[in-house]
There are 2 protein chains.
Amino acid sequence: MNLNALHKIGYGIYVIGSHMGKKLNGQIANTVFQITSEPPTIAVSINKNNLTHEYIKTSRVFSASILCQAAPLPYIGGFGFRSGRDTDKLKGMNYKIGQTGSPVFLDNVTAYLEAEVIQDVDVGTHTVFIGKVVAAEVLTEDPCMTYEYYRQVKRGTTPKTAPSYIPGEKAGGK
Amino acid sequence: MNLNALHKIGYGIYVIGSHMGKKLNGQIANTVFQITSEPPTIAVSINKNNLTHEYIKTSRVFSASILCQAAPLPYIGGFGFRSGRDTDKLKGMNYKIGQTGSPVFLDNVTAYLEAEVIQDVDVGTHTVFIGKVVAAEVLTEDPCMTYEYYRQVKRGTTPKTAPSYIPGEKAGGK
């Protein structure tokens, strides 16, 4: 069995935002997907250890800001590889409060979606949150970042808390 | 609300295979994603009307053959836009029977995964099947087909039964 086959699955890269009262957070995820068109619903897989997991569990809402291919690695790094428990990740970021109260990010983003959670699926280390889309806008027609581009061109890496982490892979980053 | 934002979500393109006894089928899907790394699990959203849905419900296994970017539209069309109830879609196709008994497709495929279903999530028109990965191989290092490439370069369209169908979109295909 060659688990590198998992890296051939195609994804985009997203900043998942949520809130708990007035506290806001955002984290990087690659596992966002649409699951039905009627009504429009999307799903995201979030590690149970992440602060955003706690926020979504409480507020029952999340946003997904879809990153464009030109998004610089330091911008992505500002949301990933560190926890909102230790730092205010939104400091200095350009965002607005969306319809769900979640932060919607406005730099390096081609489009965003906001959703109200209708189902939580416990999948062990992660929860798959299934949400009904309640807001959606396209901001630019720039090409979207793909996970493959992030890994191969940007040399971006995957933290241990990601669904798509494969033990033993080399660290990179440029 | 602009639901075209849903088209900015990144996906690959997959042939999802399953079986019911000796009967085999394959269908196109774009919503495959990894949900945990320990153990490696993947999910796929399948329309309840599809024959492959019936097969996965019965056999509790599926394969996902990951298409490469060079896959010709007629090849993809051989699996999509028609039902295995009306025709033997596998006739003339190059495939092997995988470890789960599901067909694994060998042309225009960069890698494949096979999974045993551990959870069915009813999401209305579709079921999200969550499966533990039991087999995985990389066949080539060719670039993978992305859903964006399929839509924009290949002018591929989306059938009504797909999770990512948006009512009113124009048909194309080249």
# chains A, B, ... in the order shown; residues from 1 in each chain; ligands from 1
call {"tool": "residues_around", "arguments": {"residues": "Ile42 in chain B", "least_positions_apart": "5", "cutoff": "6 Å", "atoms": "only C-alpha atoms", "output": "number ranges by chain"}}
result
B: 33-35, 130-131
call {"tool": "write_last_selection", "arguments": {"atoms": "C-alpha atoms", "output": "short mmCIF file (atom, residue, chain, number, x, y, z; two decimals), in the first residue's frame"}}
result
data_model
loop_
_atom_site.label_atom_id
_atom_site.label_comp_id
_atom_site.auth_asym_id
_atom_site.auth_seq_id
_atom_site.Cartn_x
_atom_site.Cartn_y
_atom_site.Cartn_z
CA PHE B 33 -11.45 13.77 0.09
CA GLN B 34 -9.30 12.52 2.93
CA ILE B 35 -10.81 13.06 6.35
CA ILE B 130 -16.62 7.29 4.75
CA GLY B 131 -14.15 4.49 4.17
#
call {"tool": "select_by_dssp", "arguments": {"residues": "range 8-173 of chain A", "states": "strand (DSSP E or B)", "output": "PyMOL selection string"}}
result
chain A and resi 11-12+14-20+23-29+32-37+40-47+61-68+95-97+103-105+109-123+126-138+144+146
call {"tool": "closest_atom_pairs", "arguments": {"of": "range 8-87 of chain A", "to": "range 137-156 of chain B", "cutoff": "12 Å", "atoms": "only C-alpha atoms", "output": "JSON lines"}}
result
{"residue": "A:Lys8", "atom": "CA", "partner": "B:Cys144", "partner_atom": "CA", "distance": 6.7}
{"residue": "A:Ile9", "atom": "CA", "partner": "B:Cys144", "partner_atom": "CA", "distance": 8.2}
{"residue": "A:Gly10", "atom": "CA", "partner": "B:Thr146", "partner_atom": "CA", "distance": 6.5}
{"residue": "A:Tyr11", "atom": "CA", "partner": "B:Thr146", "partner_atom": "CA", "distance": 8.5}
{"residue": "A:Gly12", "atom": "CA", "partner": "B:Thr146", "partner_atom": "CA", "distance": 9.9}
{"residue": "A:Phe33", "atom": "CA", "partner": "B:Tyr147", "partner_atom": "CA", "distance": 11.8}
call {"tool": "closest_atom_pairs", "arguments": {"of": "chain A", "to": "chain B", "cutoff": "8 Å", "atoms": "only C-alpha atoms", "output": "CSV"}}
result
residue,atom,partner,partner_atom,distance
A:Met1,CA,B:Ala136,CA,4.9
A:Asn2,CA,B:Glu137,CA,5.0
A:Leu3,CA,B:Ala136,CA,6.0
A:Asn4,CA,B:Val138,CA,7.0
A:Ala5,CA,B:Val138,CA,5.2
A:Leu6,CA,B:Gln34,CA,7.3
A:Lys8,CA,B:Cys144,CA,6.7
A:Ile9,CA,B:Gly12,CA,6.1
A:Gly10,CA,B:Gly12,CA,4.2
A:Tyr11,CA,B:Gly10,CA,4.6
A:Gly12,CA,B:Gly10,CA,4.2
A:Ile13,CA,B:Gly10,CA,7.8
A:Thr31,CA,B:Phe33,CA,6.4
A:Val32,CA,B:Ile9,CA,7.2
A:Phe33,CA,B:Thr31,CA,6.4
A:Gln34,CA,B:Pro163,CA,6.1
A:Ile35,CA,B:Pro163,CA,5.0
A:Thr36,CA,B:Pro163,CA,4.2
A:Ser37,CA,B:Pro163,CA,5.2
A:Glu38,CA,B:Thr125,CA,7.5
A:Ser45,CA,B:Ile35,CA,5.9
A:Ile66,CA,B:Lys8,CA,7.1
A:Thr110,CA,B:Lys8,CA,7.6
A:Ala111,CA,B:Ala5,CA,5.5
A:Tyr112,CA,B:Ala5,CA,6.4
A:Leu113,CA,B:Ala5,CA,6.9
A:Val121,CA,B:Val121,CA,7.7
A:Val123,CA,B:Thr36,CA,7.3
A:Gly124,CA,B:Thr36,CA,7.7
A:Thr125,CA,B:Thr36,CA,6.7
A:His126,CA,B:Thr36,CA,6.5
A:Val128,CA,B:Ile35,CA,7.6
A:Val134,CA,B:Met1,CA,7.7
A:Ala135,CA,B:Met1,CA,5.3
A:Ala136,CA,B:Met1,CA,4.9
A:Glu137,CA,B:Asn2,CA,5.0
A:Val138,CA,B:Ala5,CA,5.2
A:Cys144,CA,B:Lys8,CA,6.7
A:Thr146,CA,B:Gly10,CA,6.4
A:Ala162,CA,B:Thr36,CA,7.6
A:Pro163,CA,B:Thr36,CA,4.3
A:Ser164,CA,B:Ser37,CA,5.9
A:Tyr165,CA,B:Ser37,CA,5.9
A:Ile166,CA,B:Ser37,CA,6.7
call {"tool": "select_by_dssp", "arguments": {"residues": "range 56-153 of chain B", "states": "alpha helix (DSSP H)", "output": "list in words"}}
result
Ile56, Lys57, Thr58, Ser59, Leu73, Pro74, Tyr75, Ile76, Gly77, Tyr147, Glu148, Tyr149, Tyr150, Arg151 and Gln152 of chain B
call {"tool": "write_last_selection", "arguments": {"atoms": "C-alpha atoms", "output": "compact mmCIF listing (two decimals), in the first residue's frame"}}
result
# COMPACT_ATOMS: atom_id res chain seq x y z
CA ILE B 56 -21.58 0.59 -2.30
CA LYS B 57 -24.56 0.27 0.06
CA THR B 58 -24.53 -3.49 -0.56
CA SER B 59 -20.84 -4.35 -0.85
CA LEU B 73 -13.24 13.80 -22.45
CA PRO B 74 -14.70 10.73 -24.25
CA TYR B 75 -13.00 8.50 -21.67
CA ILE B 76 -14.60 10.47 -18.84
CA GLY B 77 -17.89 10.51 -20.73
CA TYR B 147 -12.24 19.87 -11.68
CA GLU B 148 -11.37 23.43 -12.70
CA TYR B 149 -9.30 22.14 -15.63
CA TYR B 150 -12.10 19.76 -16.58
CA ARG B 151 -14.61 22.60 -16.64
CA GLN B 152 -12.48 25.41 -18.08
